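J.: One file: coords03.txt (compact mmCIF, C-alpha atoms).
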# COMPACT_ATOMS: atom_id res chain seq x y z
CA MET A 1 157.57 58.37 27.71
CA LEU A 2 155.03 60.24 25.53
CA ARG A 3 156.00 63.48 23.88
CA ARG A 4 154.17 65.77 21.57
CA ALA A 5 154.57 65.04 17.86
CA ASP A 6 156.20 67.48 15.54
CA PRO A 7 153.42 69.58 13.92
CA ARG A 8 155.12 69.12 10.54
CA LEU A 9 154.60 65.39 10.78
CA LEU A 10 150.94 65.89 11.56
CA GLN A 11 150.51 68.12 8.53
CA ALA A 12 152.34 65.66 6.25
CA ALA A 13 150.35 62.57 7.30
CA PRO A 14 147.18 63.54 9.15
CA ASP A 15 145.47 60.18 8.63
CA ALA A 16 148.49 57.96 8.78
CA GLY A 17 148.64 55.12 11.24
CA TYR A 18 151.68 53.80 12.97
CA ASP A 19 152.78 50.36 13.93
CA GLY A 20 155.83 48.95 15.51
CA ASP A 21 158.15 48.83 12.49
CA GLY A 22 156.57 51.40 10.20
CA ALA A 23 154.17 49.06 8.38
CA GLY A 24 151.43 51.59 8.80
CA GLY A 25 151.30 54.94 7.07
CA PRO A 26 150.07 55.94 3.67
CA THR A 27 150.76 52.49 2.23
CA GLY A 28 150.74 50.38 5.39
CA GLY A 29 147.01 49.84 5.63
CA GLY A 30 146.36 52.06 8.67
CA ILE A 31 146.80 50.76 12.24
CA ALA A 32 147.95 47.17 12.55
CA ALA A 33 145.74 44.65 14.27
CA ALA A 34 146.16 44.19 17.97
CA GLY A 35 148.56 41.46 18.91
CA THR A 36 150.48 41.67 15.67
CA ARG A 37 153.48 43.59 14.46
CA GLY A 38 152.83 44.90 11.01
CA GLY A 39 150.55 41.92 10.39
CA SER A 40 153.38 39.49 11.03
CA GLY A 41 151.77 37.95 14.08
CA GLU A 42 154.48 38.99 16.53
CA ASP A 43 153.53 40.43 19.91
CA GLU A 44 153.85 44.15 20.37
CA PRO A 45 152.71 46.70 22.94
CA PRO A 46 149.48 48.56 22.23
CA SER A 47 149.86 51.18 19.55
CA ALA A 48 149.57 54.88 20.28
CA PRO A 49 146.67 56.83 18.81
CA ALA A 50 147.06 58.46 15.43
CA GLY A 51 149.00 61.69 15.44
CA ILE A 52 151.06 60.82 18.55
CA VAL A 53 154.66 59.80 18.09
CA THR A 54 156.20 57.63 20.80
CA GLU A 55 159.91 57.86 21.52
CA PRO A 56 161.96 55.67 23.84
CA PHE A 57 163.22 57.46 26.97
CA ALA A 58 166.89 58.36 26.83
CA ALA A 59 168.72 59.26 30.04
CA GLN A 60 170.30 62.70 29.95
CA PRO A 61 174.01 62.71 30.77
CA LEU A 62 175.04 64.52 33.93
CA ALA A 63 177.30 67.47 33.36
CA THR A 64 179.72 68.47 36.02
CA GLY A 65 179.40 72.09 37.05
CA PRO A 66 181.70 74.18 39.19
CA THR A 67 179.77 73.44 42.36
CA GLY A 68 178.29 69.99 41.86
CA THR A 69 176.84 67.50 39.41
CA GLY A 70 173.45 67.66 37.77
CA PRO A 71 171.85 68.20 34.39
CA GLY A 72 174.14 70.78 32.93
CA GLY A 73 175.59 71.69 36.32
CA THR A 74 173.80 73.17 39.29
CA GLY A 75 176.06 75.96 40.40
CA PRO A 76 177.01 79.39 39.14
CA GLY A 77 178.77 79.21 35.82
CA GLY A 78 177.04 75.99 34.66
CA ALA A 79 173.81 75.41 32.78
CA ALA A 80 170.76 75.66 35.01
CA GLU A 81 168.66 72.59 35.72
CA LEU A 82 165.54 72.12 33.61
CA ILE A 83 162.35 72.56 35.63
CA GLY A 84 159.10 71.97 33.70
CA GLY A 85 161.00 72.10 30.42
CA GLU A 86 162.32 75.60 31.11
CA PRO A 87 165.79 76.59 32.39
CA ALA A 88 165.71 77.61 36.04
CA THR A 89 167.01 81.02 37.04
CA VAL A 90 169.60 80.90 39.82
CA VAL A 91 169.11 83.80 42.23
CA ARG A 92 171.74 84.56 44.85
CA LEU A 93 170.58 84.84 48.43
CA ARG A 94 170.35 88.48 49.38
CA HIS A 95 171.60 89.85 52.70
CA PRO A 96 170.29 93.40 53.02
CA TRP A 97 171.07 93.67 56.73
CA ARG A 98 174.74 93.02 56.05
CA TRP A 99 174.81 96.10 53.89
CA VAL A 100 173.00 98.08 56.58
CA ALA A 101 175.47 96.94 59.26
CA GLY A 102 178.43 97.72 56.99
CA ALA A 103 177.06 101.18 56.25
CA LEU A 104 176.61 101.91 59.96
CA VAL A 105 180.16 100.76 60.76
CA ALA A 106 181.55 102.87 57.90
CA LEU A 107 179.59 105.87 59.17
CA LEU A 108 180.91 105.46 62.72
CA VAL A 109 184.49 105.09 61.47
CA ALA A 110 184.15 108.21 59.34
CA MET A 111 182.79 110.18 62.30
CA LEU A 112 185.67 108.97 64.52
CA VAL A 113 188.33 109.84 61.94
CA ARG A 114 186.80 113.27 61.41
CA SER A 115 186.72 113.92 65.16
CA LEU A 116 190.36 112.86 65.58
CA ALA A 117 191.44 115.08 62.70
CA THR A 118 189.42 118.21 63.44
CA ASN A 119 189.07 118.38 67.23
CA PRO A 120 191.78 120.80 68.43
CA ARG A 121 191.53 119.54 72.02
CA PHE A 122 193.45 116.40 71.12
CA ASP A 123 196.47 118.64 70.65
CA TRP A 124 198.46 116.27 68.41
CA SER A 125 201.47 118.60 68.46
CA VAL A 126 201.92 117.90 72.18
CA VAL A 127 201.62 114.17 71.46
CA ARG A 128 204.44 114.38 68.90
CA GLU A 129 206.64 116.37 71.27
CA ASN A 130 206.30 113.90 74.17
CA PHE A 131 206.17 110.67 72.18
CA THR A 132 209.93 110.01 72.21
CA THR A 133 211.12 112.03 75.17
CA HIS A 134 213.56 110.50 77.65
CA ALA A 135 210.93 110.24 80.39
CA THR A 136 208.49 108.43 78.12
CA LEU A 137 211.07 105.97 76.79
CA MET A 138 212.39 105.21 80.30
CA GLY A 139 208.83 104.55 81.46
CA LEU A 140 208.31 102.24 78.51
CA TRP A 141 211.50 100.35 79.37
CA VAL A 142 210.37 99.89 82.99
CA THR A 143 207.01 98.59 81.75
CA ILE A 144 208.74 96.01 79.57
CA GLU A 145 211.00 94.99 82.48
CA LEU A 146 208.00 94.49 84.77
CA THR A 147 206.25 92.42 82.11
CA VAL A 148 209.20 90.15 81.33
CA ILE A 149 210.29 89.52 84.94
CA SER A 150 206.76 89.03 86.25
CA MET A 151 205.87 86.60 83.45
CA ALA A 152 209.08 84.64 84.02
CA ILE A 153 208.15 84.25 87.69
CA GLY A 154 204.55 83.43 86.85
CA ILE A 155 205.33 80.79 84.21
CA THR A 156 208.04 79.07 86.28
CA LEU A 157 206.13 79.04 89.56
CA GLY A 158 202.86 78.27 87.81
CA THR A 159 204.31 75.17 86.15
CA VAL A 160 205.59 73.93 89.50
CA LEU A 161 202.22 74.58 91.14
CA ALA A 162 200.42 72.71 88.35
CA VAL A 163 202.63 69.65 88.77
CA LEU A 164 202.17 69.78 92.56
CA ARG A 165 198.41 70.09 92.13
CA LEU A 166 198.39 66.82 90.14
CA SER A 167 200.60 65.05 92.71
CA PRO A 168 199.14 61.96 94.42
CA ASN A 169 200.38 63.39 97.72
CA PRO A 170 197.30 65.03 99.29
CA LEU A 171 199.35 67.47 101.40
CA VAL A 172 201.29 68.81 98.42
CA SER A 173 198.17 68.97 96.25
CA SER A 174 196.25 70.81 98.95
CA ALA A 175 199.04 73.37 99.44
CA SER A 176 199.01 74.13 95.71
CA TRP A 177 195.23 74.52 95.76
CA VAL A 178 195.38 76.95 98.71
CA TYR A 179 197.99 79.09 96.93
CA VAL A 180 195.83 79.35 93.82
CA TRP A 181 192.77 80.09 95.95
CA VAL A 182 194.43 82.96 97.83
CA PHE A 183 196.29 84.71 95.01
CA ARG A 184 193.58 84.28 92.40
CA GLY A 185 190.87 85.37 94.81
CA THR A 186 192.29 88.78 95.71
CA PRO A 187 192.78 91.85 93.47
CA VAL A 188 196.20 92.48 92.00
CA ILE A 189 196.34 96.06 93.26
CA VAL A 190 195.71 94.84 96.81
CA GLN A 191 198.61 92.40 96.55
CA ILE A 192 200.92 95.13 95.17
CA LEU A 193 200.03 97.43 98.07
CA PHE A 194 200.51 94.58 100.56
CA TRP A 195 204.03 93.84 99.34
CA ASN A 196 204.85 97.55 99.33
CA PHE A 197 203.92 97.82 103.02
CA VAL A 198 205.30 94.46 104.10
CA ALA A 199 207.84 96.28 106.31
CA ALA A 200 205.01 97.15 108.67
CA LEU A 201 204.46 93.42 109.23
CA TYR A 202 208.05 92.15 109.02
CA PRO A 203 210.55 94.97 109.64
CA THR A 204 213.50 92.59 109.20
CA LEU A 205 213.79 89.88 106.58
CA SER A 206 216.26 87.03 107.10
CA ILE A 207 217.41 83.82 105.46
CA GLY A 208 218.53 80.88 107.58
CA ILE A 209 217.55 77.57 109.12
CA PRO A 210 213.85 77.37 110.06
CA PHE A 211 213.42 77.84 113.82
CA GLY A 212 217.20 78.29 114.00
CA PRO A 213 219.91 80.85 113.37
CA SER A 214 219.73 83.20 110.36
CA PHE A 215 222.60 83.69 107.96
CA VAL A 216 221.52 86.82 106.07
CA GLN A 217 219.16 89.53 107.24
CA GLY A 218 218.25 93.05 106.17
CA ASN A 219 215.81 95.88 106.52
CA ALA A 220 212.53 95.15 104.74
CA ASN A 221 212.29 98.71 103.37
CA THR A 222 215.70 98.30 101.78
CA VAL A 223 215.06 94.84 100.35
CA VAL A 224 211.50 95.33 99.16
CA THR A 225 211.68 98.49 97.08
CA PRO A 226 208.62 99.69 95.12
CA PHE A 227 209.98 98.00 91.99
CA VAL A 228 210.46 94.68 93.86
CA ALA A 229 207.02 95.01 95.44
CA ALA A 230 205.48 95.46 91.99
CA ILE A 231 207.31 92.38 90.68
CA LEU A 232 206.21 90.29 93.67
CA GLY A 233 202.61 91.42 93.36
CA LEU A 234 202.40 90.86 89.61
CA GLY A 235 204.51 87.68 89.45
CA LEU A 236 202.95 85.79 92.35
CA ASN A 237 199.47 86.66 91.18
CA GLU A 238 200.28 85.53 87.64
CA ALA A 239 201.61 82.22 88.98
CA ALA A 240 198.13 81.32 90.25
CA TYR A 241 196.61 81.81 86.79
CA MET A 242 199.46 80.05 84.99
CA ALA A 243 199.08 77.08 87.33
CA GLU A 244 195.54 76.54 86.08
CA ILE A 245 196.57 77.04 82.45
CA VAL A 246 199.41 74.51 82.69
CA ARG A 247 197.22 72.06 84.59
CA ALA A 248 194.59 72.24 81.84
CA GLY A 249 197.29 71.60 79.22
CA ILE A 250 198.62 68.58 81.11
CA LEU A 251 195.15 67.11 81.50
CA SER A 252 194.55 67.49 77.76
CA VAL A 253 197.24 64.87 77.03
CA PRO A 254 195.80 61.31 76.98
CA GLU A 255 196.72 59.19 79.98
CA GLY A 256 197.99 56.49 77.68
CA GLN A 257 201.02 58.63 76.91
CA SER A 258 202.07 58.66 80.56
CA GLU A 259 201.31 54.98 81.02
CA ALA A 260 203.40 54.06 78.00
CA ALA A 261 206.31 56.18 79.24
CA LEU A 262 206.16 54.64 82.71
CA SER A 263 206.06 51.15 81.19
CA LEU A 264 209.29 51.96 79.34
CA GLY A 265 211.01 52.75 82.64
CA LEU A 266 210.84 56.56 82.64
CA THR A 267 210.33 58.30 85.95
CA ARG A 268 207.40 60.63 86.58
CA LEU A 269 209.67 63.66 86.22
CA GLN A 270 211.12 62.39 82.94
CA THR A 271 207.64 61.57 81.66
CA MET A 272 206.39 65.05 82.51
CA ARG A 273 209.41 66.81 81.01
CA THR A 274 209.89 64.79 77.81
CA ILE A 275 206.46 63.34 77.01
CA VAL A 276 203.58 65.29 78.57
CA LEU A 277 204.66 68.94 78.57
CA PRO A 278 205.77 69.03 74.88
CA GLN A 279 202.34 67.75 73.84
CA ALA A 280 200.56 70.08 76.24
CA MET A 281 202.23 73.16 74.75
CA ARG A 282 199.61 73.32 71.99
CA VAL A 283 196.99 74.01 74.67
CA ILE A 284 199.22 76.10 76.95
CA VAL A 285 200.63 78.58 74.42
CA PRO A 286 197.46 80.48 73.34
CA PRO A 287 196.29 81.48 76.86
CA THR A 288 199.88 82.17 77.89
CA GLY A 289 200.18 84.67 75.05
CA ASN A 290 197.01 86.34 76.26
CA GLU A 291 198.45 86.49 79.76
CA VAL A 292 201.60 88.20 78.48
CA ILE A 293 199.53 90.88 76.76
CA SER A 294 197.39 91.26 79.86
CA MET A 295 200.50 91.55 82.04
CA LEU A 296 201.81 94.40 79.89
CA LYS A 297 198.66 96.39 80.61
CA THR A 298 198.34 95.27 84.24
CA SER A 299 201.83 96.61 84.95
CA SER A 300 200.28 100.09 84.92
CA LEU A 301 198.91 99.27 88.40
CA ALA A 302 202.46 99.71 89.70
CA SER A 303 201.88 103.46 89.38
CA VAL A 304 199.97 103.38 92.68
CA ILE A 305 203.24 102.75 94.52
CA ALA A 306 205.22 105.34 92.49
CA VAL A 307 207.01 102.94 90.14
CA THR A 308 208.01 105.06 87.12
CA GLU A 309 206.56 102.84 84.44
CA LEU A 310 204.91 104.23 81.29
CA LEU A 311 201.67 105.47 82.83
CA TYR A 312 203.35 107.04 85.86
CA SER A 313 205.90 108.76 83.62
CA VAL A 314 203.23 110.57 81.63
CA GLN A 315 201.34 111.34 84.84
CA ILE A 316 204.38 113.17 86.16
CA VAL A 317 204.53 115.25 82.98
CA TYR A 318 200.86 116.23 82.85
CA SER A 319 200.85 117.05 86.56
CA ARG A 320 203.13 119.95 85.57
CA THR A 321 201.63 120.93 82.20
CA PHE A 322 197.96 120.05 82.88
CA GLN A 323 197.74 118.47 79.40
CA GLN A 324 196.17 115.23 80.50
CA ILE A 325 194.58 114.07 77.23
CA PRO A 326 197.65 114.46 74.95
CA LEU A 327 199.93 112.75 77.48
CA LEU A 328 197.50 109.90 78.00
CA LEU A 329 197.34 109.49 74.22
CA VAL A 330 201.12 109.04 74.25
CA ALA A 331 200.75 106.13 76.69
CA VAL A 332 197.85 104.67 74.69
CA ILE A 333 199.81 104.68 71.42
CA TRP A 334 202.85 103.02 73.01
CA TYR A 335 200.68 100.34 74.62
CA LEU A 336 199.05 99.63 71.25
CA ILE A 337 202.44 99.37 69.52
CA VAL A 338 203.85 96.88 72.03
CA THR A 339 200.68 94.78 72.19
CA THR A 340 200.62 94.60 68.38
CA ILE A 341 204.16 93.24 68.37
CA LEU A 342 203.20 90.70 71.03
CA ASN A 343 200.13 89.68 69.01
CA ILE A 344 202.29 88.96 65.97
CA GLY A 345 204.71 86.86 68.03
CA GLN A 346 201.84 84.96 69.62
CA TYR A 347 200.34 84.19 66.20
CA TYR A 348 203.53 82.64 64.83
CA LEU A 349 204.18 80.75 68.07
CA GLU A 350 200.69 79.25 68.04
CA ARG A 351 201.13 78.37 64.37
CA ARG A 352 204.35 76.51 65.13
CA PHE A 353 202.88 74.41 67.93
CA ALA A 354 199.80 73.60 65.81
CA ARG A 355 201.89 71.73 63.22
CA GLY A 356 201.14 68.30 64.68
CA SER A 357 197.41 68.82 65.20
CA ALA A 358 196.13 70.56 62.05
CA ARG A 359 196.07 69.07 58.55
CA SER A 360 197.09 72.37 57.00
CA LEU A 361 198.47 75.38 58.79
CA PRO A 362 196.64 78.71 58.45
CA LEU A 363 198.18 81.20 56.07
CA THR A 364 200.33 83.93 57.51
CA PRO A 365 199.39 87.56 56.78
CA TRP A 366 202.27 87.77 54.30
CA GLN A 367 201.11 84.59 52.52
CA ARG A 368 197.55 85.94 52.35
CA LEU A 369 198.82 89.15 50.81
CA ARG A 370 200.88 87.24 48.24
CA ARG A 371 197.92 85.05 47.34
CA LEU A 372 195.67 88.09 46.98
CA VAL A 373 198.17 89.87 44.74
CA GLY A 374 198.79 86.68 42.76
CA THR A 375 195.05 86.15 42.27
CA ASN A 376 194.53 89.69 41.02
CA HIS A 377 197.37 89.40 38.50
CA ALA A 378 196.75 85.79 37.45
CA ARG A 379 195.75 85.03 33.84
CA PRO A 380 192.08 84.10 33.41
CA ALA A 381 191.46 80.36 33.35
CA LEU A 382 190.03 78.68 30.26
CA ALA A 383 186.34 77.82 30.25
CA GLY A 384 185.72 74.40 31.68
CA ALA A 385 189.23 74.11 33.10
CA ALA A 386 189.43 72.97 36.69
CA SER A 387 190.97 75.44 39.10
CA PRO A 388 194.26 74.24 40.60
CA ALA A 389 194.19 73.02 44.16
CA PRO A 390 195.86 75.32 46.71
CA ARG A 391 199.41 74.44 47.60
CA SER A 392 199.94 72.89 50.97
CA ASP A 393 201.85 75.05 53.39
CA ARG A 394 205.54 74.30 53.65
CA ARG A 395 206.48 73.19 57.10
Please express what this file holds, its structure, as structure tokens.

T.:
Amino acid sequence: MLRRADPRLLQAAPDAGYDGDGAGGPTGGGIAAAGTRGGSGEDEPPSAPAGIVTEPFAAQPLATGPTGTGPGGTGPGGAAELIGGEPATVVRLRHPWRWVAGALVALLVAMLVRSLATNPRFDWSVVRENFTTHATLMGLWVTIELTVISMAIGITLGTVLAVLRLSPNPLVSSASWVYVWVFRGTPVIVQILFWNFVAALYPTLSIGIPFGPSFVQGNANTVVTPFVAAILGLGLNEAAYMAEIVRAGILSVPEGQSEAALSLGLTRLQTMRTIVLPQAMRVIVPPTGNEVISMLKTSSLASVIAVTELLYSVQIVYSRTFQQIPLLLVAVIWYLIVTTILNIGQYYLERRFARGSARSLPLTPWQRLRRLVGTNHARPALAGAASPAPRSDRR
């Protein structure tokens, strides 16, 4: 590799020659003859012209930077790579549209907060007065009851329908498919109204031997109250959706698991209960949590048949006071509080069932806060010291 000679050397010996071992120079007799080394007769490569100093090429060691390896490091915090003999300037990629989008979002949030704080038509004093009244809390309790009972019916019946749908018996599988087709294909409010008026179709309900005598019977209006009609409408409709969710979870388990269990002598029921369903829970839990949150909000449809849940309770109040917006805000705030609690429970439940599928579990909000506080108060690391690897989550 040829490099420029030091100008000081050129000034010191402008007419000096150079040979392989320094025989040339002021006393070396100029440039040695070709094919000789200092006149000794040994072979040597052709000499460089006068004034040019040749140096053997030396490989530059690679320095490890924070983000990779290269000459002096290639990432932020390390020496920049030499390009054309000059250090390269590392320029971060700019994202101007991110700043524009963030500014627009901040502007919209500021406008919303200002409107909520300054608009007198929200009437926040009425919201505070009716937020914890007896009627509101009783409506909230009825909403929670509808959600819990309807989801219990939906999950139980949906699991049974999913197992029947996967049955090798074509009659049983077809019956499960027809149920899902009917209840998933009609609106929930229509089903609630149908069960509320079922007395017009069957005035008397009885339990007994099919095509034989009945043991217990009663008036349909007495048995199917508005609350029961709401539970039947919500629960039976939810069972159709849960059947598809559970079926998808069962199909996500490899068939080899079932084949291995059957080869060990387990029955199909034992295989499903002890082998397949526990593994399918990782797929079943996330959509089931979404269905619970959706059920909480869908329970407001029971107000059409005069069930005094949360929405109907505030409707009764504002029908007397004509303060619709403040009373509706009461219902909105309570719905947001309960759905937030359900979201937190769903997050931790999903995190628990993901233990066998993920290498490292995601940090909880509390762990993220602790890491953020710990990072802000941590002592600065020494230059060149490697940052410690993050601790694995305790299981």

J.: In the coordinates of the file, take the point (203.6, 104.3, 80.3) and a cut-off of 12 Å; then, counting all atoms listed in the file, name each qualifying protein, DNA or RNA residue as a compact mmCIF listing (two decimals) with C-alpha atoms, in the coordinates of the input.

T.:
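Dumped everything to out_3.txt:
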# COMPACT_ATOMS: atom_id res chain seq x y z
CA ASN A 130 206.30 113.90 74.17
CA PHE A 131 206.17 110.67 72.18
CA THR A 132 209.93 110.01 72.21
CA THR A 133 211.12 112.03 75.17
CA ALA A 135 210.93 110.24 80.39
CA THR A 136 208.49 108.43 78.12
CA LEU A 137 211.07 105.97 76.79
CA MET A 138 212.39 105.21 80.30
CA GLY A 139 208.83 104.55 81.46
CA LEU A 140 208.31 102.24 78.51
CA TRP A 141 211.50 100.35 79.37
CA VAL A 142 210.37 99.89 82.99
CA THR A 143 207.01 98.59 81.75
CA ILE A 144 208.74 96.01 79.57
CA LEU A 146 208.00 94.49 84.77
CA LEU A 296 201.81 94.40 79.89
CA LYS A 297 198.66 96.39 80.61
CA THR A 298 198.34 95.27 84.24
CA SER A 299 201.83 96.61 84.95
CA SER A 300 200.28 100.09 84.92
CA LEU A 301 198.91 99.27 88.40
CA ALA A 302 202.46 99.71 89.70
CA SER A 303 201.88 103.46 89.38
CA VAL A 307 207.01 102.94 90.14
CA THR A 308 208.01 105.06 87.12
CA GLU A 309 206.56 102.84 84.44
CA LEU A 310 204.91 104.23 81.29
CA LEU A 311 201.67 105.47 82.83
CA TYR A 312 203.35 107.04 85.86
CA SER A 313 205.90 108.76 83.62
CA VAL A 314 203.23 110.57 81.63
CA GLN A 315 201.34 111.34 84.84
CA ILE A 316 204.38 113.17 86.16
CA VAL A 317 204.53 115.25 82.98
CA LEU A 327 199.93 112.75 77.48
CA LEU A 328 197.50 109.90 78.00
CA LEU A 329 197.34 109.49 74.22
CA VAL A 330 201.12 109.04 74.25
CA ALA A 331 200.75 106.13 76.69
CA VAL A 332 197.85 104.67 74.69
CA ILE A 333 199.81 104.68 71.42
CA TRP A 334 202.85 103.02 73.01
CA TYR A 335 200.68 100.34 74.62
CA LEU A 336 199.05 99.63 71.25
CA ILE A 337 202.44 99.37 69.52
CA VAL A 338 203.85 96.88 72.03

J.: Within 7 Å of Ala240 in chain A, counting only C-alpha atoms, which residues qualify if same-chain residues fewer than 2 places away don't, as an MDAnalysis selection string?

T.: chainID A and resid 158 180 183:184 236:238 242:244

J.: Kindly save the residues from that selection, with C-alpha atoms included, as a PDB file, keeping the file's coordinate frame.

T.:
ATOM      1  CA  GLY A 158     202.860  78.270  87.810  1.00  0.00           C
ATOM      2  CA  VAL A 180     195.830  79.350  93.820  1.00  0.00           C
ATOM      3  CA  PHE A 183     196.290  84.710  95.010  1.00  0.00           C
ATOM      4  CA  ARG A 184     193.580  84.280  92.400  1.00  0.00           C
ATOM      5  CA  LEU A 236     202.950  85.790  92.350  1.00  0.00           C
ATOM      6  CA  ASN A 237     199.470  86.660  91.180  1.00  0.00           C
ATOM      7  CA  GLU A 238     200.280  85.530  87.640  1.00  0.00           C
ATOM      8  CA  MET A 242     199.460  80.050  84.990  1.00  0.00           C
ATOM      9  CA  ALA A 243     199.080  77.080  87.330  1.00  0.00           C
ATOM     10  CA  GLU A 244     195.540  76.540  86.080  1.00  0.00           C
TER      11      GLU A 244
END

J.: Interatomic distance between CA of Gln324 in chain A and CA of Val304 in chain A?

T.: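 For CA of Gln324 in chain A relative to CA of Val304 in chain A, the distance reads 17.4 Å.
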
J.: I need the residue nearest Ser167 in chain A from this list: A:Ser150, A:Asn221, A:Met272, A:Gln367. Use all atoms listed in the file for the distance.

T.: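 Closest candidate: A:Met272.
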
J.: Excluding range 283-290 of chain A and its own-chain neighbours fewer than 6 positions away, which residues fall within 6 Å of it when counting all atoms listed in the file? Please give them as a PyMOL selection string.

T.: chain A and resi 246+249+346

J.: Work out how far apart CA of Val198 in chain A and CA of Thr222 in chain A are and give it in Å to one decimal.

T.: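 Going from CA of Val198 in chain A over to CA of Thr222 in chain A, I get 11.3 Å.
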
J.: Could you tell me how far CA of Met295 in chain A sits from CA of Ile189 in chain A, in Å to one decimal place?

T.: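 Pair CA of Ile189 in chain A / CA of Met295 in chain A returns 12.8 Å.
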
J.: Compare A:Glu291, A:Ala306, A:Pro210, A:Leu262 by their minimum atom-to-atom distance to Pro226 in chain A, counting only C-alpha atoms, and give me the closest one.

T.: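 Checking each of A:Glu291, A:Ala306, A:Pro210, A:Leu262 against Pro226 in chain A, counting only C-alpha atoms, the winner is A:Ala306.
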
J.: Could you check the closest approach to Ala199 in chain A for each of A:Trp124, A:Val90, A:Val223, A:Thr159 and tell me which residue wins, using all atoms listed in the file?

T.: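 Closest to Ala199 in chain A of all the choices is A:Val223.
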